[in-house]
file protein-v3.cif (mmCIF, C-alpha atoms; chains and numbers go by the auth columns)
data_protein
loop_
_atom_site.group_PDB
_atom_site.id
_atom_site.type_symbol
_atom_site.label_atom_id
_atom_site.label_comp_id
_atom_site.label_asym_id
_atom_site.label_seq_id
_atom_site.Cartn_x
_atom_site.Cartn_y
_atom_site.Cartn_z
_atom_site.B_iso_or_equiv
_atom_site.auth_seq_id
_atom_site.auth_asym_id
ATOM 1 C CA MET A 1 0.000 0.000 0.000 0.00 1 A
ATOM 2 C CA GLN A 2 1.368 3.401 -0.948 0.00 2 A
ATOM 3 C CA LYS A 3 1.817 6.206 1.562 0.00 3 A
ATOM 4 C CA THR A 4 -0.984 8.299 -0.020 0.00 4 A
ATOM 5 C CA GLU A 5 -3.453 5.404 0.164 0.00 5 A
ATOM 6 C CA MET A 6 -2.541 4.775 3.801 0.00 6 A
ATOM 7 C CA GLN A 7 -2.962 8.476 4.645 0.00 7 A
ATOM 8 C CA ASN A 8 -6.389 8.520 2.987 0.00 8 A
ATOM 9 C CA LEU A 9 -7.458 5.532 5.085 0.00 9 A
ATOM 10 C CA LEU A 10 -6.169 7.182 8.260 0.00 10 A
ATOM 11 C CA ASP A 11 -7.973 10.404 7.355 0.00 11 A
ATOM 12 C CA TYR A 12 -11.195 8.502 6.602 0.00 12 A
ATOM 13 C CA VAL A 13 -11.088 6.830 10.013 0.00 13 A
ATOM 14 C CA ALA A 14 -10.313 10.148 11.733 0.00 14 A
ATOM 15 C CA ILE A 15 -13.313 11.815 10.060 0.00 15 A
ATOM 16 C CA ARG A 16 -15.559 8.902 11.068 0.00 16 A
ATOM 17 C CA GLN A 17 -14.336 9.364 14.654 0.00 17 A
ATOM 18 C CA LEU A 18 -15.116 13.084 14.402 0.00 18 A
ATOM 19 C CA ASN A 19 -18.692 12.188 13.401 0.00 19 A
ATOM 20 C CA ALA A 20 -19.017 9.748 16.304 0.00 20 A
ATOM 21 C CA LYS A 21 -17.803 12.364 18.791 0.00 21 A
ATOM 22 C CA TYR A 22 -20.177 14.917 17.288 0.00 22 A
ATOM 23 C CA ASN A 23 -23.134 12.614 17.953 0.00 23 A
ATOM 24 C CA ARG A 24 -22.001 11.774 21.489 0.00 24 A
ATOM 25 C CA TYR A 25 -21.320 15.369 22.547 0.00 25 A
ATOM 26 C CA ALA A 26 -24.587 16.543 20.963 0.00 26 A
ATOM 27 C CA ASP A 27 -26.479 13.845 22.884 0.00 27 A
ATOM 28 C CA LEU A 28 -24.807 14.921 26.134 0.00 28 A
ATOM 29 C CA ALA A 29 -25.450 18.626 25.400 0.00 29 A
ATOM 30 C CA ASP A 30 -21.723 19.140 26.055 0.00 30 A
ATOM 31 C CA GLY A 31 -21.335 22.400 24.171 0.00 31 A
ATOM 32 C CA THR A 32 -17.671 22.864 25.000 0.00 32 A
ATOM 33 C CA SER A 33 -16.535 19.475 23.699 0.00 33 A
ATOM 34 C CA TYR A 34 -18.977 19.717 20.784 0.00 34 A
ATOM 35 C CA SER A 35 -17.770 23.141 19.662 0.00 35 A
ATOM 36 C CA ASN A 36 -14.139 21.999 19.809 0.00 36 A
ATOM 37 C CA LEU A 37 -14.964 19.644 16.910 0.00 37 A
ATOM 38 C CA PHE A 38 -15.302 22.774 14.757 0.00 38 A
ATOM 39 C CA THR A 39 -12.651 25.212 13.562 0.00 39 A
ATOM 40 C CA GLU A 40 -12.469 28.526 15.439 0.00 40 A
ATOM 41 C CA ASP A 41 -14.196 30.346 12.552 0.00 41 A
ATOM 42 C CA ALA A 42 -16.655 27.575 11.688 0.00 42 A
ATOM 43 C CA GLU A 43 -20.157 28.064 10.351 0.00 43 A
ATOM 44 C CA PHE A 44 -22.942 25.702 11.426 0.00 44 A
ATOM 45 C CA ASN A 45 -26.048 26.282 9.328 0.00 45 A
ATOM 46 C CA ILE A 46 -29.358 24.647 10.161 0.00 46 A
ATOM 47 C CA VAL A 47 -31.245 25.535 6.988 0.00 47 A
ATOM 48 C CA GLY A 48 -34.400 27.498 7.808 0.00 48 A
ATOM 49 C CA GLU A 49 -33.427 28.091 11.441 0.00 49 A
ATOM 50 C CA ALA A 50 -30.108 29.923 11.830 0.00 50 A
ATOM 51 C CA THR A 51 -26.409 30.018 11.091 0.00 51 A
ATOM 52 C CA TYR A 52 -24.114 29.824 14.103 0.00 52 A
ATOM 53 C CA ILE A 53 -20.638 31.285 13.636 0.00 53 A
ATOM 54 C CA GLY A 54 -17.654 30.438 15.803 0.00 54 A
ATOM 55 C CA ARG A 55 -17.256 28.034 18.675 0.00 55 A
ATOM 56 C CA GLU A 56 -19.108 30.158 21.239 0.00 56 A
ATOM 57 C CA GLN A 57 -22.354 30.303 19.240 0.00 57 A
ATOM 58 C CA ILE A 58 -22.047 26.650 18.243 0.00 58 A
ATOM 59 C CA ALA A 59 -21.558 25.616 21.907 0.00 59 A
ATOM 60 C CA ALA A 60 -24.626 27.613 22.973 0.00 60 A
ATOM 61 C CA ARG A 61 -26.749 25.897 20.303 0.00 61 A
ATOM 62 C CA CYS A 62 -25.599 22.474 21.487 0.00 62 A
ATOM 63 C CA ASN A 63 -26.332 23.297 25.130 0.00 63 A
ATOM 64 C CA ALA A 64 -29.920 24.243 24.225 0.00 64 A
ATOM 65 C CA THR A 65 -30.883 20.715 23.109 0.00 65 A
ATOM 66 C CA THR A 66 -30.810 18.222 25.950 0.00 66 A
ATOM 67 C CA THR A 67 -33.119 15.348 24.995 0.00 67 A
ATOM 68 C CA ALA A 68 -32.201 14.535 21.397 0.00 68 A
ATOM 69 C CA VAL A 69 -30.353 11.454 20.190 0.00 69 A
ATOM 70 C CA HIS A 70 -28.241 11.973 17.058 0.00 70 A
ATOM 71 C CA VAL A 71 -27.549 9.150 14.613 0.00 71 A
ATOM 72 C CA THR A 72 -25.524 9.263 11.395 0.00 72 A
ATOM 73 C CA THR A 73 -25.108 6.642 8.707 0.00 73 A
ATOM 74 C CA GLU A 74 -22.207 5.772 6.430 0.00 74 A
ATOM 75 C CA PRO A 75 -20.590 8.969 5.129 0.00 75 A
ATOM 76 C CA GLU A 76 -19.508 9.818 1.605 0.00 76 A
ATOM 77 C CA ILE A 77 -16.094 11.449 2.092 0.00 77 A
ATOM 78 C CA ASP A 78 -13.843 13.056 -0.516 0.00 78 A
ATOM 79 C CA ILE A 79 -10.412 13.914 0.889 0.00 79 A
ATOM 80 C CA SER A 80 -8.065 16.311 -0.882 0.00 80 A
ATOM 81 C CA GLY A 81 -4.915 17.022 1.109 0.00 81 A
ATOM 82 C CA ASP A 82 -5.840 19.032 4.202 0.00 82 A
ATOM 83 C CA THR A 83 -9.486 19.537 3.246 0.00 83 A
ATOM 84 C CA ALA A 84 -12.396 17.177 2.789 0.00 84 A
ATOM 85 C CA GLN A 85 -16.036 17.197 1.710 0.00 85 A
ATOM 86 C CA GLN A 86 -18.560 14.962 3.423 0.00 86 A
ATOM 87 C CA ARG A 87 -22.221 14.101 2.963 0.00 87 A
ATOM 88 C CA VAL A 88 -23.837 11.951 5.625 0.00 88 A
ATOM 89 C CA ARG A 89 -27.450 10.979 6.368 0.00 89 A
ATOM 90 C CA MET A 90 -28.673 12.004 9.800 0.00 90 A
ATOM 91 C CA LEU A 91 -31.565 10.943 12.010 0.00 91 A
ATOM 92 C CA THR A 92 -32.713 12.569 15.228 0.00 92 A
ATOM 93 C CA VAL A 93 -34.969 11.058 17.850 0.00 93 A
ATOM 94 C CA LEU A 94 -36.285 12.604 21.049 0.00 94 A
ATOM 95 C CA GLN A 95 -36.103 10.851 24.407 0.00 95 A
ATOM 96 C CA ASP A 96 -39.219 11.196 26.532 0.00 96 A
ATOM 97 C CA GLY A 97 -37.213 11.742 29.736 0.00 97 A
ATOM 98 C CA LYS A 98 -38.798 8.743 31.444 0.00 98 A
ATOM 99 C CA GLY A 99 -36.773 6.097 29.673 0.00 99 A
ATOM 100 C CA THR A 100 -39.882 4.539 28.163 0.00 100 A
ATOM 101 C CA ARG A 101 -39.840 5.661 24.517 0.00 101 A
ATOM 102 C CA ASN A 102 -38.078 7.563 21.772 0.00 102 A
ATOM 103 C CA GLU A 103 -39.947 9.594 19.183 0.00 103 A
ATOM 104 C CA PHE A 104 -38.704 10.165 15.650 0.00 104 A
ATOM 105 C CA VAL A 105 -38.003 13.872 15.107 0.00 105 A
ATOM 106 C CA ALA A 106 -36.186 14.366 11.827 0.00 106 A
ATOM 107 C CA SER A 107 -34.078 12.992 9.036 0.00 107 A
ATOM 108 C CA GLY A 108 -31.888 14.868 6.636 0.00 108 A
ATOM 109 C CA TRP A 109 -28.330 15.416 5.533 0.00 109 A
ATOM 110 C CA TYR A 110 -25.175 16.896 6.949 0.00 110 A
ATOM 111 C CA ILE A 111 -23.145 18.482 4.163 0.00 111 A
ATOM 112 C CA ASP A 112 -19.681 19.326 5.429 0.00 112 A
ATOM 113 C CA GLU A 113 -16.474 21.062 4.557 0.00 113 A
ATOM 114 C CA LEU A 114 -13.711 19.811 6.831 0.00 114 A
ATOM 115 C CA GLU A 115 -10.174 20.992 7.500 0.00 115 A
ATOM 116 C CA ARG A 116 -7.165 19.237 8.934 0.00 116 A
ATOM 117 C CA THR A 117 -5.904 21.381 11.836 0.00 117 A
ATOM 118 C CA GLU A 118 -3.262 20.982 14.523 0.00 118 A
ATOM 119 C CA GLU A 119 -6.105 19.503 16.627 0.00 119 A
ATOM 120 C CA GLY A 120 -6.971 17.001 13.878 0.00 120 A
ATOM 121 C CA TRP A 121 -9.899 17.018 11.437 0.00 121 A
ATOM 122 C CA ARG A 122 -12.531 19.648 12.236 0.00 122 A
ATOM 123 C CA TYR A 123 -15.787 20.837 10.704 0.00 123 A
ATOM 124 C CA HIS A 124 -15.255 24.178 8.983 0.00 124 A
ATOM 125 C CA ARG A 125 -18.733 24.437 7.510 0.00 125 A
ATOM 126 C CA ARG A 126 -21.563 22.125 8.498 0.00 126 A
ATOM 127 C CA ARG A 127 -24.933 22.470 6.804 0.00 127 A
ATOM 128 C CA VAL A 128 -28.020 20.628 8.039 0.00 128 A
ATOM 129 C CA GLU A 129 -30.678 20.036 5.396 0.00 129 A
ATOM 130 C CA LEU A 130 -33.736 18.449 6.997 0.00 130 A
ATOM 131 C CA ASP A 131 -36.276 16.382 5.080 0.00 131 A
ATOM 132 C CA LEU A 132 -39.068 17.743 7.286 0.00 132 A
ATOM 133 C CA ASP A 133 -40.417 21.221 8.018 0.00 133 A
ATOM 134 C CA ILE A 134 -37.910 23.021 10.246 0.00 134 A
ATOM 135 C CA ASN A 135 -40.600 24.699 12.371 0.00 135 A
ATOM 136 C CA ALA A 136 -42.192 21.366 13.259 0.00 136 A
ATOM 137 C CA VAL A 137 -38.783 19.899 14.125 0.00 137 A
ATOM 138 C CA VAL A 138 -37.732 22.852 16.314 0.00 138 A
ATOM 139 C CA ALA A 139 -41.078 22.767 18.140 0.00 139 A
ATOM 140 C CA LYS A 140 -40.481 19.144 19.117 0.00 140 A
ATOM 141 C CA VAL A 141 -36.867 19.567 20.243 0.00 141 A
ATOM 142 C CA LYS A 142 -37.116 22.777 22.276 0.00 142 A
#

call {"tool": "encode", "arguments": {"input": "protein-v3.cif", "output": "structure tokens"}}
result
Amino acid sequence: MQKTEMQNLLDYVAIRQLNAKYNRYADLADGTSYSNLFTEDAEFNIVGEATYIGREQIAARCNATTTAVHVTTEPEIDISGDTAQQRVRMLTVLQDGKGTRNEFVASGWYIDELERTEEGWRYHRRRVELDLDINAVVAKVK
């Protein structure tokens, strides 16, 4: 295996790990850890709701959602040196707080621009395109 092929595999795994951490920190409403998965100047756009710019705004958005469970499927990743593009299906369910049921909230896509930083791979731009009406989704989650 050539060095470039090995690096692409390592990068692919690192980006998958980034996605897994994103889901876990979002589920925990751990805004600090969550926002550190983004570059300092990142943009997080939830289409139809708002665009959050920078780690402080992104952390505050994460902290506001405390009962959602985030799930992502297999990503499509295109790596080019120190940048990457990603498209990944997402699902969100809401916990009832009693531990008795989860309710489907939304499905959609994350469309990402990623950058390799000194901290590792980070989201530079993350766009959420939901399949459902954003107002109905926000009403359920807040």

call {"tool": "closest_residue", "arguments": {"input": "protein-v3.cif", "among": "A:Phe104, A:Ala60, A:Lys21, A:Gln2", "to": "Ala136 of chain A", "atoms": "only C-alpha atoms"}}
result
A:Phe104

call {"tool": "axis_aligned_box", "arguments": {"input": "protein-v3.cif", "around": "segment 89-100 of chain A", "padding_each_side": "4 Å", "output": "lines of an AutoDock Vina configuration file"}}
result
center_x = -33.7
center_y = 8.6
center_z = 18.9
size_x = 20.4
size_y = 16.1
size_z = 33.1

call {"tool": "resolve_selection", "arguments": {"input": "protein-v3.cif", "expression": "the PyMOL selection byres ((chain A and resi 69-73) around 8)", "output": "ChimeraX atom specification"}}
result
/A:19,23-24,26-27,67-68,74-75,88-95

call {"tool": "closest_residue", "arguments": {"input": "protein-v3.cif", "among": "A:Val47, A:Leu28, A:Ala42, A:Leu37", "to": "Cys62 of chain A", "atoms": "only C-alpha atoms"}}
result
A:Leu28

call {"tool": "resolve_selection", "arguments": {"input": "protein-v3.cif", "expression": "the PyMOL selection byres ((chain A and resi 6-13) around 12)", "output": "number ranges by chain"}}
result
A: 1-5, 14-20, 74-86, 114-116, 120-122

call {"tool": "closest_residue", "arguments": {"input": "protein-v3.cif", "among": "A:Arg101, A:Asp131, A:Arg125, A:Val138", "to": "Asp41 of chain A", "atoms": "all atoms listed in the file"}}
result
A:Arg125

call {"tool": "atom_distance", "arguments": {"input": "protein-v3.cif", "atom1": "atom CA of Gly99 of chain A", "atom2": "atom CA of Asn36 of chain A"}}
result
29.4 Å

call {"tool": "resolve_selection", "arguments": {"input": "protein-v3.cif", "expression": "the PyMOL selection byres ((chain A and resi 44) around 10)", "output": "PyMOL selection string"}}
result
chain A and resi 38+41-43+45-47+50-55+57-58+61+112+123-128

call {"tool": "build_atoms", "arguments": {"input": "protein-v3.cif", "residues": "segment 2-18 of chain A", "atoms": "N, CA and C atoms", "output": "PDB file, keeping the file's coordinate frame"}}
result
ATOM      1  N   GLN A   2       0.573   2.188  -0.856  1.00  0.00           N
ATOM      2  CA  GLN A   2       1.368   3.401  -0.948  1.00  0.00           C
ATOM      3  C   GLN A   2       1.042   4.350   0.190  1.00  0.00           C
ATOM      4  N   LYS A   3       1.970   5.255   0.461  1.00  0.00           N
ATOM      5  CA  LYS A   3       1.817   6.206   1.562  1.00  0.00           C
ATOM      6  C   LYS A   3       0.536   7.036   1.421  1.00  0.00           C
ATOM      7  N   THR A   4       0.216   7.493   0.213  1.00  0.00           N
ATOM      8  CA  THR A   4      -0.984   8.299  -0.020  1.00  0.00           C
ATOM      9  C   THR A   4      -2.244   7.507   0.301  1.00  0.00           C
ATOM     10  N   GLU A   5      -2.287   6.247  -0.129  1.00  0.00           N
ATOM     11  CA  GLU A   5      -3.453   5.404   0.164  1.00  0.00           C
ATOM     12  C   GLU A   5      -3.602   5.190   1.660  1.00  0.00           C
ATOM     13  N   MET A   6      -2.507   4.958   2.350  1.00  0.00           N
ATOM     14  CA  MET A   6      -2.541   4.775   3.801  1.00  0.00           C
ATOM     15  C   MET A   6      -3.022   6.056   4.482  1.00  0.00           C
ATOM     16  N   GLN A   7      -2.534   7.211   4.042  1.00  0.00           N
ATOM     17  CA  GLN A   7      -2.962   8.476   4.645  1.00  0.00           C
ATOM     18  C   GLN A   7      -4.451   8.700   4.434  1.00  0.00           C
ATOM     19  N   ASN A   8      -4.954   8.373   3.235  1.00  0.00           N
ATOM     20  CA  ASN A   8      -6.389   8.520   2.987  1.00  0.00           C
ATOM     21  C   ASN A   8      -7.216   7.631   3.909  1.00  0.00           C
ATOM     22  N   LEU A   9      -6.750   6.420   4.155  1.00  0.00           N
ATOM     23  CA  LEU A   9      -7.458   5.532   5.085  1.00  0.00           C
ATOM     24  C   LEU A   9      -7.429   6.087   6.505  1.00  0.00           C
ATOM     25  N   LEU A  10      -6.283   6.585   6.924  1.00  0.00           N
ATOM     26  CA  LEU A  10      -6.169   7.182   8.260  1.00  0.00           C
ATOM     27  C   LEU A  10      -7.070   8.405   8.383  1.00  0.00           C
ATOM     28  N   ASP A  11      -7.114   9.222   7.348  1.00  0.00           N
ATOM     29  CA  ASP A  11      -7.973  10.404   7.355  1.00  0.00           C
ATOM     30  C   ASP A  11      -9.447   9.999   7.401  1.00  0.00           C
ATOM     31  N   TYR A  12      -9.817   8.987   6.627  1.00  0.00           N
ATOM     32  CA  TYR A  12     -11.195   8.502   6.602  1.00  0.00           C
ATOM     33  C   TYR A  12     -11.626   8.052   7.999  1.00  0.00           C
ATOM     34  N   VAL A  13     -10.781   7.293   8.661  1.00  0.00           N
ATOM     35  CA  VAL A  13     -11.088   6.830  10.013  1.00  0.00           C
ATOM     36  C   VAL A  13     -11.191   8.018  10.972  1.00  0.00           C
ATOM     37  N   ALA A  14     -10.295   8.978  10.848  1.00  0.00           N
ATOM     38  CA  ALA A  14     -10.313  10.148  11.733  1.00  0.00           C
ATOM     39  C   ALA A  14     -11.604  10.953  11.542  1.00  0.00           C
ATOM     40  N   ILE A  15     -12.061  11.084  10.315  1.00  0.00           N
ATOM     41  CA  ILE A  15     -13.313  11.815  10.060  1.00  0.00           C
ATOM     42  C   ILE A  15     -14.504  11.038  10.596  1.00  0.00           C
ATOM     43  N   ARG A  16     -14.492   9.726  10.476  1.00  0.00           N
ATOM     44  CA  ARG A  16     -15.559   8.902  11.068  1.00  0.00           C
ATOM     45  C   ARG A  16     -15.599   9.080  12.589  1.00  0.00           C
ATOM     46  N   GLN A  17     -14.420   9.139  13.206  1.00  0.00           N
ATOM     47  CA  GLN A  17     -14.336   9.364  14.654  1.00  0.00           C
ATOM     48  C   GLN A  17     -14.878  10.746  15.013  1.00  0.00           C
ATOM     49  N   LEU A  18     -14.581  11.737  14.188  1.00  0.00           N
ATOM     50  CA  LEU A  18     -15.116  13.084  14.402  1.00  0.00           C
ATOM     51  C   LEU A  18     -16.639  13.043  14.411  1.00  0.00           C
TER      52      LEU A  18
END
